[in-house]
>>> print(open('query-v6.csv').read())   # CSV, C-alpha atoms and all ligand atoms
chain,number,residue,atom,x,y,z
A,1,MET,CA,7.9,7.6,34.2
A,2,GLN,CA,8.8,8.4,30.6
A,3,THR,CA,6.7,8.8,27.4
A,4,SER,CA,7.9,7.6,24.1
A,5,LEU,CA,6.6,8.4,20.6
A,6,ILE,CA,5.8,5.5,18.3
A,7,LEU,CA,4.6,5.5,14.7
A,8,LEU,CA,3.1,2.3,13.3
A,9,LYS,CA,4.3,2.5,9.7
A,10,PRO,CA,2.3,1.7,6.5
A,11,ASP,CA,3.3,-2.0,6.4
A,12,CYS,CA,1.9,-2.4,9.9
A,13,VAL,CA,-1.4,-0.6,9.0
A,14,THR,CA,-2.0,-2.3,5.7
A,15,GLY,CA,-0.7,-5.6,7.0
A,16,ARG,CA,-3.4,-5.4,9.7
A,17,LYS,CA,-0.9,-5.7,12.5
A,18,VAL,CA,-1.9,-2.6,14.4
A,19,GLY,CA,-3.8,-4.5,17.1
A,20,GLU,CA,-1.0,-7.1,17.5
A,21,VAL,CA,1.6,-4.4,17.9
A,22,ILE,CA,-0.4,-2.3,20.4
A,23,LYS,CA,-1.1,-5.5,22.3
A,24,ARG,CA,2.6,-6.0,22.8
A,25,PHE,CA,3.0,-2.5,24.3
A,26,GLU,CA,0.0,-3.1,26.5
A,27,GLU,CA,1.2,-6.5,27.7
A,28,ALA,CA,4.6,-4.9,28.5
A,29,GLY,CA,2.7,-2.7,30.9
A,30,PHE,CA,2.8,0.6,29.0
A,31,GLN,CA,0.0,3.1,29.3
A,32,ILE,CA,-1.4,4.6,26.1
A,33,ARG,CA,-1.4,8.4,26.5
A,34,GLY,CA,-2.1,9.2,22.9
A,35,CYS,CA,-3.3,7.3,19.8
A,36,LYS,CA,-4.4,8.5,16.4
A,37,LEU,CA,-4.4,7.7,12.6
A,38,PHE,CA,-3.1,10.3,10.3
A,39,ARG,CA,-1.1,10.9,7.1
A,40,LEU,CA,2.4,12.2,7.2
A,41,SER,CA,3.1,15.4,5.2
A,42,SER,CA,6.4,15.8,3.3
A,43,GLU,CA,7.3,18.7,5.6
A,44,ILE,CA,7.0,16.6,8.7
A,45,LEU,CA,8.9,13.7,7.2
A,46,ASN,CA,11.7,16.0,6.1
A,47,GLU,CA,12.0,17.2,9.7
A,48,HIS,CA,11.5,13.7,11.3
A,49,TYR,CA,14.1,12.0,9.0
A,50,ALA,CA,16.4,15.0,8.6
A,51,HIS,CA,19.4,12.8,9.7
A,52,LEU,CA,18.8,10.6,6.6
A,53,ALA,CA,18.2,13.4,4.0
A,54,SER,CA,21.5,12.9,2.2
A,55,LYS,CA,21.0,9.1,1.9
A,56,PRO,CA,20.2,7.7,-1.6
A,57,PHE,CA,17.2,5.9,-0.2
A,58,PHE,CA,15.6,9.0,1.4
A,59,PRO,CA,13.0,9.5,-1.4
A,60,GLU,CA,12.0,5.8,-1.0
A,61,ILE,CA,11.5,6.2,2.7
A,62,VAL,CA,9.3,9.3,2.1
A,63,ALA,CA,7.2,7.4,-0.5
A,64,PHE,CA,6.9,4.4,1.9
A,65,MET,CA,5.9,6.5,4.9
A,66,GLN,CA,3.2,8.3,2.8
A,67,SER,CA,1.8,5.2,1.1
A,68,SER,CA,-1.0,4.9,3.8
A,69,PRO,CA,-1.9,6.6,7.0
A,70,VAL,CA,0.2,5.8,10.0
A,71,VAL,CA,-0.8,5.3,13.7
A,72,GLY,CA,0.8,7.6,16.2
A,73,LEU,CA,1.1,6.4,19.7
A,74,ALA,CA,2.4,7.9,22.9
A,75,VAL,CA,3.2,5.3,25.5
A,76,ALA,CA,4.2,5.8,29.1
A,77,GLY,CA,6.1,3.6,31.5
A,78,ASP,CA,9.4,3.3,33.4
A,79,ASN,CA,12.3,3.7,31.1
A,80,ALA,CA,9.8,3.7,28.1
A,81,VAL,CA,12.3,5.0,25.5
A,82,ASP,CA,14.8,2.1,25.9
A,83,ARG,CA,12.2,-0.6,26.7
A,84,VAL,CA,10.1,0.3,23.6
A,85,ARG,CA,13.2,0.1,21.4
A,86,THR,CA,14.1,-3.3,22.9
A,87,LEU,CA,10.6,-4.6,22.1
A,88,LEU,CA,11.0,-3.3,18.5
A,89,GLY,CA,14.4,-4.9,17.8
A,90,PRO,CA,17.1,-3.4,15.5
A,91,THR,CA,16.3,-1.3,12.4
A,92,ASP,CA,16.9,-4.2,10.0
A,93,SER,CA,14.0,-6.6,10.4
A,94,LYS,CA,16.1,-9.4,8.9
A,95,LYS,CA,18.6,-9.0,11.8
A,96,ALA,CA,15.9,-8.8,14.4
A,97,ASP,CA,15.4,-11.7,16.8
A,98,LYS,CA,12.1,-13.7,16.7
A,99,GLY,CA,10.0,-12.4,19.6
A,100,THR,CA,10.7,-8.8,18.8
A,101,ILE,CA,8.1,-6.7,16.8
A,102,ARG,CA,10.4,-6.2,13.8
A,103,GLY,CA,11.7,-9.8,14.0
A,104,ASP,CA,8.1,-11.2,13.9
A,105,PHE,CA,6.4,-8.7,11.5
A,106,GLY,CA,9.0,-6.7,9.7
A,107,VAL,CA,10.2,-7.3,6.1
A,108,ASP,CA,13.6,-5.6,5.7
A,109,VAL,CA,15.6,-2.5,6.8
A,110,MET,CA,13.0,0.0,5.4
A,111,VAL,CA,9.8,-1.9,5.9
A,112,ASN,CA,10.2,-2.4,9.6
A,113,VAL,CA,6.7,-2.0,11.2
A,114,ALA,CA,7.3,0.9,13.6
A,115,HIS,CA,9.4,4.0,14.5
A,116,ALA,CA,10.2,4.7,18.1
A,117,SER,CA,12.1,7.5,19.8
A,118,ASP,CA,15.7,6.7,20.4
A,119,SER,CA,16.5,9.0,23.3
A,120,ALA,CA,14.6,10.9,26.0
A,121,GLU,CA,15.5,14.1,24.3
A,122,ASN,CA,14.2,13.0,20.9
A,123,ALA,CA,11.0,11.6,22.6
A,124,GLU,CA,10.2,15.1,23.8
A,125,ILE,CA,10.8,16.6,20.4
A,126,GLU,CA,8.9,13.9,18.6
A,127,LEU,CA,5.9,14.0,20.9
A,128,LYS,CA,5.6,17.7,20.2
A,129,ARG,CA,6.1,17.0,16.5
A,130,PHE,CA,3.2,14.5,16.2
A,131,PHE,CA,0.8,15.3,19.1
A,132,LYS,CA,-0.9,18.5,20.3
A,133,ASP,CA,-1.0,19.0,24.1
A,134,GLU,CA,-4.7,18.2,24.2
A,135,GLU,CA,-4.1,14.9,22.4
A,136,LEU,CA,-1.9,13.5,25.2
A,137,PHE,CA,-3.8,12.3,28.3
A,138,ASP,CA,-2.8,11.8,31.9
A,139,TYR,CA,-5.1,9.4,33.8
A,140,ALA,CA,-5.2,6.8,36.5
A,141,MET,CA,-5.4,3.1,35.6
A,142,SER,CA,-8.4,2.7,37.9
A,143,TYR,CA,-10.3,-0.2,36.4
A,144,THR,CA,-9.3,-3.6,35.1
A,145,THR,CA,-10.9,-6.2,32.8
A,146,LYS,CA,-11.6,-9.9,33.5
A,147,PRO,CA,-8.3,-11.8,33.6
B,201,LIG,P1,15.4,3.6,13.4
B,201,LIG,O1,14.1,3.7,12.7
B,201,LIG,O2,15.7,2.1,13.8
B,201,LIG,O3,15.6,4.6,14.5
B,201,LIG,P2,17.1,5.1,11.5
B,201,LIG,O4,18.5,4.9,11.1
B,201,LIG,O5,16.7,6.4,12.2
B,201,LIG,O6,16.5,3.8,12.3
B,201,LIG,O7,16.3,5.1,10.1
B,201,LIG,C1,14.9,5.6,10.0
B,201,LIG,C2,14.2,4.7,9.1
B,201,LIG,O8,14.7,4.8,7.7
B,201,LIG,C3,14.3,3.2,9.4
B,201,LIG,O9,13.4,2.8,10.4
B,201,LIG,C4,13.9,2.6,8.0
B,201,LIG,O10,12.5,2.6,7.8
B,201,LIG,C5,14.6,3.5,7.1
B,201,LIG,N1,16.0,3.1,6.8
B,201,LIG,C6,17.1,3.1,7.6
B,201,LIG,N2,18.2,2.6,7.0
B,201,LIG,C7,17.8,2.3,5.7
B,201,LIG,C8,18.5,1.7,4.6
B,201,LIG,O11,19.7,1.4,4.6
B,201,LIG,N3,17.7,1.5,3.5
B,201,LIG,C9,16.4,1.8,3.4
B,201,LIG,N4,15.7,2.4,4.4
B,201,LIG,C10,16.4,2.6,5.6
>>> encode(input="query-v6.csv", output="structure tokens")
Amino acid sequence: MQTSLILLKPDCVTGRKVGEVIKRFEEAGFQIRGCKLFRLSSEILNEHYAHLASKPFFPEIVAFMQSSPVVGLAVAGDNAVDRVRTLLGPTDSKKADKGTIRGDFGVDVMVNVAHASDSAENAEIELKRFFKDEELFDYAMSYTTKP
């Protein structure tokens, strides 16, 4: 079992696709271990997107990511990091296949619905970056709903 960190970006929140996107993760069998709405500070964005700091579009990304609250999700499952990235599709929504989250809901290379950790190592770093220990839950999937 592995846990991945997902951020539902402002286009997802203001486009009212939060439920649709979480539904895809649930239907793929992932367990939600953490879920919250919050605003991203400049400090945390500088850290999170440090690998893009020198890019000309960096200020645009920061403005985009701060334009509304985001939803932070921690989802667990077998091979969660890779499987979540596969469900998302590639960074550029225009190149993403239909049936992927970015292919179905994303606009372009920046406005692309969600962030997801890209390695097990980064998942650990990002979970700590966005969630306190007490905001991440371990629990049995004991009950079910009507089919
Ligand atoms: P990823 O989100 O698929 O892991 P990264 O290369 O880490 O891709 O880029 C982080 C985010 O920065 C992207 O999700 C996207 O929102 C934005 N971004 C990446 N490349 C570009 C670009 O060429 N122009 C504008 N925004 C970009």
>>> residues_around(input="query-v6.csv", residues="A:Leu40", least_positions_apart="4", cutoff="9 Å", atoms="only C-alpha atoms", output="PyMOL selection string")
chain A and resi 44-45+65-66+68-70
>>> residues_near_ligand(input="query-v6.csv", ligand="ligand LIG 201 (chain B)", cutoff="8 Å", atoms="all atoms listed in the file", output="PyMOL selection string")
chain A and resi 49+51-52+57-58+60-61+90-92+109-112+114-118
>>> write_last_selection(input="query-v6.csv", atoms="C-alpha atoms", output="tab-separated table (two decimals), in the frame of the given file")
chain	number	residue	atom	x	y	z
A	49	TYR	CA	14.10	12.00	9.00
A	51	HIS	CA	19.40	12.80	9.70
A	52	LEU	CA	18.80	10.60	6.60
A	57	PHE	CA	17.20	5.90	-0.20
A	58	PHE	CA	15.60	9.00	1.40
A	60	GLU	CA	12.00	5.80	-1.00
A	61	ILE	CA	11.50	6.20	2.70
A	90	PRO	CA	17.10	-3.40	15.50
A	91	THR	CA	16.30	-1.30	12.40
A	92	ASP	CA	16.90	-4.20	10.00
A	109	VAL	CA	15.60	-2.50	6.80
A	110	MET	CA	13.00	0.00	5.40
A	111	VAL	CA	9.80	-1.90	5.90
A	112	ASN	CA	10.20	-2.40	9.60
A	114	ALA	CA	7.30	0.90	13.60
A	115	HIS	CA	9.40	4.00	14.50
A	116	ALA	CA	10.20	4.70	18.10
A	117	SER	CA	12.10	7.50	19.80
A	118	ASP	CA	15.70	6.70	20.40
>>> closest_residue(input="query-v6.csv", among="A:Arg85, A:Lys128, A:Lys17, A:Arg33", to="A:Leu73", atoms="all atoms listed in the file")
A:Arg33
>>> closest_residue(input="query-v6.csv", among="A:Leu87, A:Asp108, A:Tyr139, A:Asp97", to="A:Glu27", atoms="only C-alpha atoms")
A:Leu87
>>> residues_around(input="query-v6.csv", residues="A:Phe131", least_positions_apart="4", cutoff="10 Å", atoms="only C-alpha atoms", output="list in words")
Leu5, Gly34, Cys35, Lys36, Gly72, Leu73, Ala74, Glu126, Leu127, Glu135 and Leu136 of chain A
>>> atom_distance(input="query-v6.csv", atom1="atom CA of A:Phe25", atom2="atom CA of A:Glu47")
26.1 Å
>>> atom_distance(input="query-v6.csv", atom1="atom CA of A:Gly99", atom2="atom CA of A:Val18")
16.3 Å
>>> atom_distance(input="query-v6.csv", atom1="atom CA of A:Asp138", atom2="atom CA of A:Gly19")
22.0 Å
>>> closest_residue(input="query-v6.csv", among="A:Arg102, A:Arg129, A:Lys95, A:Lys146", to="A:Val21", atoms="all atoms listed in the file")
A:Arg102
>>> residues_around(input="query-v6.csv", residues="A:Val71", least_positions_apart="4", cutoff="6 Å", atoms="all atoms listed in the file", output="tab-separated table (two decimals) with C-alpha atoms, in the coordinates of the input")
chain	number	residue	atom	x	y	z
A	7	LEU	CA	4.60	5.50	14.70
A	8	LEU	CA	3.10	2.30	13.30
A	36	LYS	CA	-4.40	8.50	16.40
A	37	LEU	CA	-4.40	7.70	12.60
>>> closest_residue(input="query-v6.csv", among="A:Glu121, A:Arg16, A:Phe105, A:Pro10", to="A:Val62", atoms="all atoms listed in the file")
A:Pro10
>>> closest_residue(input="query-v6.csv", among="A:Lys98, A:Lys55, A:His48, A:Arg83", to="A:Ile125", atoms="all atoms listed in the file")
A:His48
>>> residues_around(input="query-v6.csv", residues="A:Met1", least_positions_apart="6", cutoff="10 Å", atoms="only C-alpha atoms", output="list in words")
Ala76, Gly77, Asp78, Asn79 and Ala80 of chain A
>>> closest_residue(input="query-v6.csv", among="A:Gly15, A:Phe137, A:Ala50, A:Val113", to="A:Gln31", atoms="all atoms listed in the file")
A:Phe137
